[in-house]
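Q: Shown below is the structure under consideration.
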Amino acid sequence: MEANATTAIGGRSTLERSSASRLPDQVLQWGLTVLATLILGLIAYFFIRLIGESTKALNSFGLSFIFGNDWDISRSIYHGAPLVVGTLITSAIALLIGVPVAVATALYITELCPRRARPVLGMLVDLLAAVPSVVYGLWGVFVLGPKLVPAERWFANTFSFIPFIGGGGSGITAPNYFIAGLILAIMILPIVSAISREVLATVPAENKEAALALGATRWEMIRMSVLPYARPGITGGAMLGLGRAIGETIAVVLVIGNAPTIGHHLFNQGYSLAAVIANEFNEAANQPLHSSALFAAGLVLFVLTLIVNIIARWFVRRGTRGMRAPEADSDGAVGTGFTAAAPTS
Amino acid sequence: MIPPETTSKEPKQMSAAEEQSQEREAAPDLSAMGERRQGHGVKVRGLHAYYGSVHAVKGVDIDFPANEVTAIIGPSGCGKSTMVRCINRMHEEIPGARSEGHVTLDEIDVYGAGVDVTAVRRMIGMVFQKPNPFPTMSIFDNVAAGLRLTGTKSDNLRERVHRALRAVGLWGEVKNRLNSPGIGLSGGQQQRLCIARAVAVEPEVILMDEPASALDPIATLKVEELIDELKNRYTIVIVTHNMQQAARVAKSTVFMLDGELVEHAETTKLFTNPSDERTERYVTGKFG
Amino acid sequence: MSTVSGATPLTQISPGRKRKDRIMRGSLMAGTGIALVPLILVIYYLIYKGVSSWSASGFFTTDPTGSFFGNPGGIRSAIFGTLEIVALASLISIPIGIAVALYLTEYGKDGRFANLVRYFVDVMTGVPSVVFGLFIYITLVISHAGGSGFAGWKGSLALSLLMLPIVIRSAEVVLLLVPSSLREAALALGAPRWRIVWRVVLPTARSGLVTGSLLAVARGMGETAPLLFTVSLATAFTGNINGLMNSLPLQIYTDITNPRDVIVARAWGAALTLVALVLILNVTARLISRRSSMT
């Protein structure tokens with residue numbers, strides 16, 4: 001028999017692979033697909049179980065669970081408005097303080113600072129995310145909280161005519177909404193900054209050039225050609241920060257005061273959805289209704305963060321539409337990996 | 001102008017006045033900018049430019065006469081774009097880039113001490129190779145962008161934006177959609193929009209870095225037509241790799257090679273009877 | 001407005017614009033400085049208040065005594081507990097995470113299912129860690145799965161849920177960086193896919209995968225809430241991962257609210273230890289990625 005190009009020793013065409021060598025490939029593909037499916041399924045399963053555990057409380061209290069203002073363990077009443085309001089207040093403070101500072105760092109690092117300083121500054125801001133939340137809590141309880149009390153009292157007295165911000169005066173103590181919001185601001189800063197930096201990097205250089213060539217100062221160039229372009233992406237980053245702030249548990253439970261009421265001013269003690277779970281967990285261990293109420297708080301928290309995150313990612317996707325392929329940036333850090341590694345509790 | 005038909009079978013046919021007005025709107029009309037003005041020339045002396053340690057422009061002396069179009073030609077990498085960017089000090093925006101030498105506009109050295117670089121760029125405008133209207137701004141806002149920087153008030157602003165659009169011959173095409181996004185225009189229209197944006201701030205000099213190389217032939221022709229009009233008011237420097245274009249629009253042409261100025265002559269002479277052997281080789285296509 | 005001739009105002013632009021430029025640029029720089037102040041303060045106080053605990057005798061070699069009076073003990077069991085729990089969590093999440101990332105880059109690519117997985121992984125990164133703790137609590141702790149209520153391995157599971165999306169995302173980014181020309185060359189030589197993955201893709205991406213994994217581990221190490229609901233806290237030094245264990249974050253959390261000053265001091269020392277561990281991981285990760293990108 002003539003040998004031809006496709007006939008190999010053993011009579012089998014070299015073009016055919018033996019089924020034995022194909023098997024690992026198929027197993028691998030099949031196995032990995034199953035794995036990916038399992039993970040999706042797992043999350044769905046957990047979600048369903050969480051709903052299951054929450055139904056007791058939700059059925060007992062209905063909408064009052066979210067809108068009613070009466071969280072009283074002794075009477076077994078769990079109307080969670082103090083939790084929701086506290087979450088909203090602290091998150092709002094976190095956004096108001098954290099986002100402008102984060103965007104400022106992003107703008108400074110990408111547009112203004114000397115090239116060589118960029119990776120160092122970026123890394124330092126990112127390091128804020130490496131600090132565990134319990135350490136922020138420790139620092140907040142023993143350092144930041146007490147040190148800010150005099151300033152807070154002065155502030156509340158000076159602006160006592162403004163509703164919500166003023167008032168409280170000398171009754172103000174270290175745990176309060178403001179400190180919780182401030183610590184949250186510090187904690188969301190790295191993620192908002194990192195995303196803003198990624199977004200700012202996608203602004204086309206040609207538009208920045210056009211602004212400069214028209215005789216714009218550096219700031220005018222930023223205002224004219226950078227910020228409008230980056231706005232959707234930065235908004236997305238801010239929303240991701242919001243999601244983070246909403247879900248933060250340990251730092252908040254240590255500095256918010258855990259008072260199950262709606263505080264009337266900025267420096268009041270308060271509560272949050274995440275804090276209540278950590279705080280009352282042990283106490284509720286053998287109380288079915290209480291436990292269910294805590295699970296329901298967890299459920300509300302979960303759904304809230306899901307919604308915020310989905311909206312946020314939509315914004316970020318819009319904002320990085322011109323993105324170059326994911327690549328290591330100048331300090332060698334792989335962008336999304338570092339962004340993701342920010343603690344949520 | 002096509003003479004009107006007095007008896008028309010189709011009622012949609014335009015009257016002479018309408019047709020005239022449409023054609024006028026489509027043609028660049030610099031008279032819209034006001035009375036004729038004298039431009040100012042630019043003198044480049046001893047210009048060196050570096051990218052880090054790379055010596056891209058090696059001692060160039062050129063006079064760009066007022067109200068004339070001067071073309072800069074040369075093979076890729078010869079330093080023509082770099083040299084032009086030194087005129088409005090855009091070169092120094094590149095990290096690691098620097099330049100030495102003097103560029104005088106109207107007796108003032110733009111590199112002089114105490115000279116504000118943003119004021120320089122106001123006086124020396126630039127049009128880029130790829131049209132770059134601001135993507136988040138409308139047509140109106142694009143043209144107004146430079147004017148807003150100096151706090152031009154709104155009535156004055158609107159008038160000057162309209163004038164600039166008329167001057168570049170875009171008015172007819174966009175007058176009804178001034179608020180639509182600038183990037184919604186075609187490539188050629190976008191480039192004319194960028195020229196309108198540059199013209200609106202009333203510079204003395206307009207630098208053009210291969211302004212038509214990204215455009216189709218018809219759009220290119222429109223831009224060249226516009227350049228011909230613009231020279232009446234401004235001093236134009238145009239970098240081009242297209243020798244025919246230089247021959248069409250420029251009164252004099254500079255040939256650069258390897259960062260050096262090889263020859264600067266009246267355009268026809270440079271192309272038909274160049275003095276330098278290297279110029280001759282380039283324009284006859286023997287290299288580059 | 002036309003000029004016939006005359007001096008061009010080359011030297012000045014409006015002082016208002018200049019001032020505004022300077023003010024805004026100053027503000028942006030100030031903002032960056034403000035952002036770094038907390039970092040400096042936290043590290044300063046950690047060292048200031050924690051180092052003295054470090055030098056206390058037996059800090060690293062004794063366990064917390066849990067007694068109300070007398071010697072509070074050290075943090076040995078906390079350190080080892082954290083190491084055990086996080087090691088197990090890493091063992092679970094890192095291989096699985098890389099595997100899922102491999103699926104996404106090598107097989108799923110841009111398909112609908114793959115994009116669905118990516119989307120959910122993205123969303124998972126935003127889930128608060130409390131929720132993961134609650135998940136495991138509901139499914140494994142209440143039901144006393146494995147014969148125990150709270151257990152170290154259940155904490156590991158909660159942590160791995162948290163670490164998984166981080167590993168997947170950073171691994172995917174890194175795997176995508178492997179030039180497709182390498183894969184194509186191997187395919188053209190007739191290599192089966194699994195071998196390409198094993199011998200070409202993974203080795204090339206190795207340092208990036210290590211970096212991403214180290215960061216995920218650093219993250220897992222610092223988390224408190226997942227452990228709160230799954231491991232609880234036991235001060236004894238133990239290797240039994242199927243029961244209560246100690247861990248650094250939980251030990252710190254418990255000590256913060258303790259009325260005794262010595263115990264609060266211990267919390268600072270423990271916090272310094274935890275941050276030191278986390279920082280070492282972070283810095284190592286960055287060094288690895290910087291070294292690899294220099295070649």
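By convention in this document, the chains of the structure tokens carry letters A, B, ... by their order, each chain's residues are numbered from 1, and ligands are numbered from 1 in the order they are shown.
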Compile the residues of chain A that lie within 7 Å of chain B, evaluated using only C-alpha atoms, and express the compilation as number ranges by chain.
A: A: 206-207, 210, 213-217, 225, 228-229
Q: Print the selection's residues with N, CA and C atoms to a file, as a PDB file, in the first residue's frame.
A:
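Okay, this is what ended up in result20.pdb:
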```
ATOM      1  N   GLU A 206      -7.806  62.814  21.506  1.00  0.00           N
ATOM      2  CA  GLU A 206      -8.001  63.839  20.475  1.00  0.00           C
ATOM      3  C   GLU A 206      -8.942  64.940  20.930  1.00  0.00           C
ATOM      4  N   ASN A 207      -9.894  64.607  21.793  1.00  0.00           N
ATOM      5  CA  ASN A 207     -10.794  65.643  22.288  1.00  0.00           C
ATOM      6  C   ASN A 207     -10.085  66.531  23.299  1.00  0.00           C
ATOM      7  N   ALA A 210      -8.034  68.865  21.258  1.00  0.00           N
ATOM      8  CA  ALA A 210      -8.842  69.899  20.630  1.00  0.00           C
ATOM      9  C   ALA A 210      -9.115  71.022  21.629  1.00  0.00           C
ATOM     10  N   ALA A 213      -5.962  73.018  22.159  1.00  0.00           N
ATOM     11  CA  ALA A 213      -5.607  73.819  20.989  1.00  0.00           C
ATOM     12  C   ALA A 213      -6.492  75.044  20.849  1.00  0.00           C
ATOM     13  N   LEU A 214      -7.647  75.023  21.505  1.00  0.00           N
ATOM     14  CA  LEU A 214      -8.522  76.196  21.469  1.00  0.00           C
ATOM     15  C   LEU A 214      -8.080  77.241  22.486  1.00  0.00           C
ATOM     16  N   GLY A 215      -7.070  76.916  23.266  1.00  0.00           N
ATOM     17  CA  GLY A 215      -6.609  77.872  24.264  1.00  0.00           C
ATOM     18  C   GLY A 215      -7.253  77.669  25.616  1.00  0.00           C
ATOM     19  N   ALA A 216      -7.565  76.415  25.950  1.00  0.00           N
ATOM     20  CA  ALA A 216      -8.156  76.144  27.255  1.00  0.00           C
ATOM     21  C   ALA A 216      -7.055  75.894  28.278  1.00  0.00           C
ATOM     22  N   THR A 217      -7.290  76.327  29.510  1.00  0.00           N
ATOM     23  CA  THR A 217      -6.367  75.966  30.576  1.00  0.00           C
ATOM     24  C   THR A 217      -6.597  74.496  30.910  1.00  0.00           C
ATOM     25  N   SER A 225     -13.793  68.649  27.994  1.00  0.00           N
ATOM     26  CA  SER A 225     -13.722  67.432  27.195  1.00  0.00           C
ATOM     27  C   SER A 225     -13.620  66.151  28.006  1.00  0.00           C
ATOM     28  N   PRO A 228     -17.530  65.651  30.810  1.00  0.00           N
ATOM     29  CA  PRO A 228     -18.791  65.268  30.165  1.00  0.00           C
ATOM     30  C   PRO A 228     -18.729  63.855  29.584  1.00  0.00           C
ATOM     31  N   TYR A 229     -17.600  63.520  29.041  1.00  0.00           N
ATOM     32  CA  TYR A 229     -17.444  62.199  28.452  1.00  0.00           C
ATOM     33  C   TYR A 229     -17.470  61.121  29.516  1.00  0.00           C
TER      34      TYR A 229
END
```
Q: Hey, what's within 6 Å of B:Val237 if we count only C-alpha atoms and toss same-chain stuff fewer than 3 positions away? As a list in words, please?
A: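 Contacts, in chain order: Val69, Thr70, Ala71 and Leu207 of chain B.
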Q: With only C-alpha atoms as the atoms that count, which of A:Ile195, A:Ala104, A:Leu148, A:Ile89 lies nearest to chain C?
A: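 Using only C-alpha atoms, the shortest distance to chain C belongs to A:Ala104.
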Q: When you look at C:Ala271 with a cut-off of 8 Å (counting only C-alpha atoms), what residues show up, excluding the ones that are within fewer than 3 positions of it in the same chain? I need them as a ChimeraX atom specification.
A: /A:135 /C:46,50,248-249,252,267-268,274-275
Q: Using only C-alpha atoms, find the one residue out of B:Gln244, B:Thr104, B:Ser81, B:Ser213 that sits nearest to chain C.
A: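 Looking at the shortest contact to chain C, the residue is B:Thr104.
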Q: I need the helix (DSSP H, G or I) residues of stretch 225-282 of chain B per DSSP on the backbone, written as a list in words.
A: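 Filtering stretch 225-282 of chain B to helix (DSSP H, G or I) leaves Glu225, Leu226, Ile227, Asp228, Glu229, Leu230, Met243, Gln244, Gln245, Ala246, Ala247, Arg248, Val249, Thr267, Thr268, Lys269, Leu270, Phe271, Thr272, Glu277, Arg278, Thr279, Glu280, Arg281 and Tyr282 of chain B.
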Q: Mind writing the picked residues with C-alpha atoms as a PDB file, in the first residue's frame?
A:
```pdb
ATOM      1  CA  GLU B 225     -11.978  75.382  -1.304  1.00  0.00           C
ATOM      2  CA  LEU B 226     -12.414  76.607   2.228  1.00  0.00           C
ATOM      3  CA  ILE B 227      -8.687  76.918   2.780  1.00  0.00           C
ATOM      4  CA  ASP B 228      -8.480  79.081  -0.293  1.00  0.00           C
ATOM      5  CA  GLU B 229     -11.054  81.410   1.207  1.00  0.00           C
ATOM      6  CA  LEU B 230      -9.533  81.335   4.682  1.00  0.00           C
ATOM      7  CA  MET B 243       1.681  66.731  -3.147  1.00  0.00           C
ATOM      8  CA  GLN B 244      -1.170  67.485  -5.461  1.00  0.00           C
ATOM      9  CA  GLN B 245      -2.996  69.094  -2.592  1.00  0.00           C
ATOM     10  CA  ALA B 246      -0.007  71.297  -1.841  1.00  0.00           C
ATOM     11  CA  ALA B 247       0.098  72.291  -5.477  1.00  0.00           C
ATOM     12  CA  ARG B 248      -3.594  73.134  -5.388  1.00  0.00           C
ATOM     13  CA  VAL B 249      -3.761  75.269  -2.279  1.00  0.00           C
ATOM     14  CA  THR B 267       5.073  75.862  -4.900  1.00  0.00           C
ATOM     15  CA  THR B 268       5.247  75.634  -8.676  1.00  0.00           C
ATOM     16  CA  LYS B 269       8.980  76.028  -8.612  1.00  0.00           C
ATOM     17  CA  LEU B 270       9.431  73.409  -5.909  1.00  0.00           C
ATOM     18  CA  PHE B 271       7.526  70.852  -7.889  1.00  0.00           C
ATOM     19  CA  THR B 272       8.763  71.594 -11.367  1.00  0.00           C
ATOM     20  CA  GLU B 277      18.456  66.982  -5.352  1.00  0.00           C
ATOM     21  CA  ARG B 278      16.617  65.424  -2.411  1.00  0.00           C
ATOM     22  CA  THR B 279      13.537  67.512  -3.141  1.00  0.00           C
ATOM     23  CA  GLU B 280      13.680  66.413  -6.730  1.00  0.00           C
ATOM     24  CA  ARG B 281      13.818  62.782  -5.727  1.00  0.00           C
ATOM     25  CA  TYR B 282      10.869  63.173  -3.395  1.00  0.00           C
TER      26      TYR B 282
END
```
Q: From the options B:Ile139, B:Val110, B:Met208, B:Val223, which residue's atoms come nearest to chain C, counting only C-alpha atoms?
A: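 Distance minimum relative to chain C lands on B:Val110.
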Q: If we count only C-alpha atoms and set the cut-off at 8 Å, which residues sit around B:His241, ignoring sequence neighbours fewer than 2 positions away in its own chain? Please answer as a PyMOL selection string.
A: chain B and resi 73-76+210+239+243
Q: Using only C-alpha atoms, determine which residues lie at most 9 Å from A:Leu128, disregarding the query and same-chain residues fewer than 6 positions distant; provide the list as a ChimeraX atom specification.
A: /A:186-190,342 /C:35-36,38-39
Q: Considering only C-alpha atoms, state which residue in the set A:Ala194, A:Ile66, A:Val316, A:Ala130 is at the smallest distance from chain C.
A: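 Looking only at the distances to chain C, the closest residue turns out to be A:Ala130.
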Q: Give me, please, the distance in Å between atom CA of A:Arg153 and atom CA of A:Ile172, quoted to one decimal.
A: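 Atom CA of A:Ile172 lies at a distance of 6.3 Å from atom CA of A:Arg153.
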Q: Could you list, as a PyMOL selection string, every residue within 7 Å of stretch 119-130 of chain C, counting only C-alpha atoms and ignoring same-chain residues fewer than 4 positions away?
A: (chain A and resi 243-244+247-249+302+305-306+309-310+340+344-345) or (chain C and resi 115+134+162+165-166+225-226)
Q: Please provide as a VMD selection string all residues within 12 Å of A:Ser291, with the sequence filter that same-chain residues fewer than 5 positions apart are discarded (counting only C-alpha atoms).
A: (chain A and resid 50 53 to 58 73 76 78 276 to 286 296 to 298) or (chain C and resid 134 137 to 138 142)
Q: Once you have the residues from the selection above, write them out as a JSON list (two decimals), in the first residue's frame, restricted to N, CA and C atoms.
A:
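Result written to again_7.json:
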```
[["chain", "number", "residue", "atom", "x", "y", "z"],
["A", 50, "LEU", "N", -33.19, 32.08, 51.58],
["A", 50, "LEU", "CA", -33.26, 33.32, 52.36],
["A", 50, "LEU", "C", -34.69, 33.86, 52.38],
["A", 53, "GLU", "N", -36.72, 31.79, 54.81],
["A", 53, "GLU", "CA", -36.57, 32.11, 56.23],
["A", 53, "GLU", "C", -37.17, 33.46, 56.59],
["A", 54, "SER", "N", -37.35, 34.31, 55.60],
["A", 54, "SER", "CA", -37.88, 35.64, 55.90],
["A", 54, "SER", "C", -39.39, 35.69, 55.95],
["A", 55, "THR", "N", -40.03, 34.67, 55.40],
["A", 55, "THR", "CA", -41.47, 34.79, 55.23],
["A", 55, "THR", "C", -42.21, 34.96, 56.55],
["A", 56, "LYS", "N", -41.70, 34.33, 57.59],
["A", 56, "LYS", "CA", -42.41, 34.47, 58.86],
["A", 56, "LYS", "C", -42.57, 35.93, 59.25],
["A", 57, "ALA", "N", -41.47, 36.62, 59.23],
["A", 57, "ALA", "CA", -41.53, 38.03, 59.63],
["A", 57, "ALA", "C", -42.30, 38.86, 58.62],
["A", 58, "LEU", "N", -42.05, 38.59, 57.35],
["A", 58, "LEU", "CA", -42.71, 39.41, 56.34],
["A", 58, "LEU", "C", -44.22, 39.21, 56.37],
["A", 73, "ILE", "N", -37.69, 44.74, 70.36],
["A", 73, "ILE", "CA", -37.48, 43.32, 70.60],
["A", 73, "ILE", "C", -38.35, 42.84, 71.76],
["A", 76, "SER", "N", -41.63, 42.06, 70.64],
["A", 76, "SER", "CA", -41.65, 41.24, 69.42],
["A", 76, "SER", "C", -42.28, 41.96, 68.24],
["A", 78, "TYR", "N", -41.35, 44.06, 64.91],
["A", 78, "TYR", "CA", -40.19, 44.35, 64.08],
["A", 78, "TYR", "C", -40.59, 45.17, 62.85],
["A", 276, "VAL", "N", -28.09, 45.71, 62.14],
["A", 276, "VAL", "CA", -29.01, 45.01, 63.03],
["A", 276, "VAL", "C", -28.76, 43.50, 63.00],
["A", 277, "ILE", "N", -28.40, 43.02, 61.81],
["A", 277, "ILE", "CA", -28.16, 41.58, 61.70],
["A", 277, "ILE", "C", -26.97, 41.18, 62.57],
["A", 278, "ALA", "N", -25.89, 41.93, 62.45],
["A", 278, "ALA", "CA", -24.72, 41.58, 63.24],
["A", 278, "ALA", "C", -24.98, 41.77, 64.74],
["A", 279, "ASN", "N", -25.70, 42.81, 65.06],
["A", 279, "ASN", "CA", -25.87, 43.17, 66.46],
["A", 279, "ASN", "C", -26.81, 42.24, 67.20],
["A", 280, "GLU", "N", -27.89, 41.82, 66.56],
["A", 280, "GLU", "CA", -28.92, 41.07, 67.28],
["A", 280, "GLU", "C", -28.89, 39.58, 66.96],
["A", 281, "PHE", "N", -27.89, 39.20, 66.23],
["A", 281, "PHE", "CA", -27.81, 37.82, 65.77],
["A", 281, "PHE", "C", -27.82, 36.83, 66.93],
["A", 282, "ASN", "N", -26.96, 37.05, 67.88],
["A", 282, "ASN", "CA", -26.88, 36.10, 68.97],
["A", 282, "ASN", "C", -28.16, 36.08, 69.80],
["A", 283, "GLU", "N", -28.68, 37.27, 70.01],
["A", 283, "GLU", "CA", -29.88, 37.37, 70.83],
["A", 283, "GLU", "C", -31.06, 36.65, 70.18],
["A", 284, "ALA", "N", -31.08, 36.68, 68.85],
["A", 284, "ALA", "CA", -32.23, 36.13, 68.16],
["A", 284, "ALA", "C", -32.12, 34.64, 67.93],
["A", 285, "ALA", "N", -31.03, 34.05, 68.41],
["A", 285, "ALA", "CA", -30.73, 32.67, 68.03],
["A", 285, "ALA", "C", -31.89, 31.73, 68.23],
["A", 286, "ASN", "N", -32.56, 31.83, 69.36],
["A", 286, "ASN", "CA", -33.64, 30.88, 69.58],
["A", 286, "ASN", "C", -35.02, 31.51, 69.50],
["A", 296, "ALA", "N", -35.16, 38.71, 57.20],
["A", 296, "ALA", "CA", -35.87, 39.60, 56.29],
["A", 296, "ALA", "C", -35.05, 40.86, 56.05],
["A", 297, "ALA", "N", -34.40, 41.35, 57.10],
["A", 297, "ALA", "CA", -33.53, 42.51, 56.91],
["A", 297, "ALA", "C", -32.42, 42.18, 55.93],
["A", 298, "GLY", "N", -31.89, 40.96, 56.06],
["A", 298, "GLY", "CA", -30.85, 40.53, 55.12],
["A", 298, "GLY", "C", -31.37, 40.46, 53.70],
["C", 134, "LEU", "N", -25.13, 34.79, 55.91],
["C", 134, "LEU", "CA", -26.49, 34.34, 56.18],
["C", 134, "LEU", "C", -26.83, 33.11, 55.36],
["C", 137, "TYR", "N", -25.33, 30.19, 56.93],
["C", 137, "TYR", "CA", -26.00, 29.96, 58.19],
["C", 137, "TYR", "C", -27.31, 29.21, 57.98],
["C", 138, "ILE", "N", -28.09, 29.69, 57.03],
["C", 138, "ILE", "CA", -29.40, 29.08, 56.79],
["C", 138, "ILE", "C", -29.26, 27.64, 56.29],
["C", 142, "ILE", "N", -27.86, 26.00, 60.69],
["C", 142, "ILE", "CA", -29.13, 25.67, 61.37],
["C", 142, "ILE", "C", -29.39, 24.17, 61.26]]
```
Q: From a backbone DSSP assignment, name each residue in stretch 73-263 of chain B labelled strand (DSSP E or B), as a ChimeraX atom specification.
A: /B:73,97-105,108-109,124-127,138,181,205-209,235-239,252-257,260-263
Q: May I ask for the distance between atom CA of A:Leu35 and atom CA of C:Leu88, given in Å to one decimal place?
A: 18.9 Å
Q: Measuring between only C-alpha atoms, which one of A:Phe161, A:Trp139, A:Phe315, A:Phe178 shows the shortest distance to C:Tyr48?
A: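 Of the candidates, the smallest distance to C:Tyr48 is held by A:Trp139.
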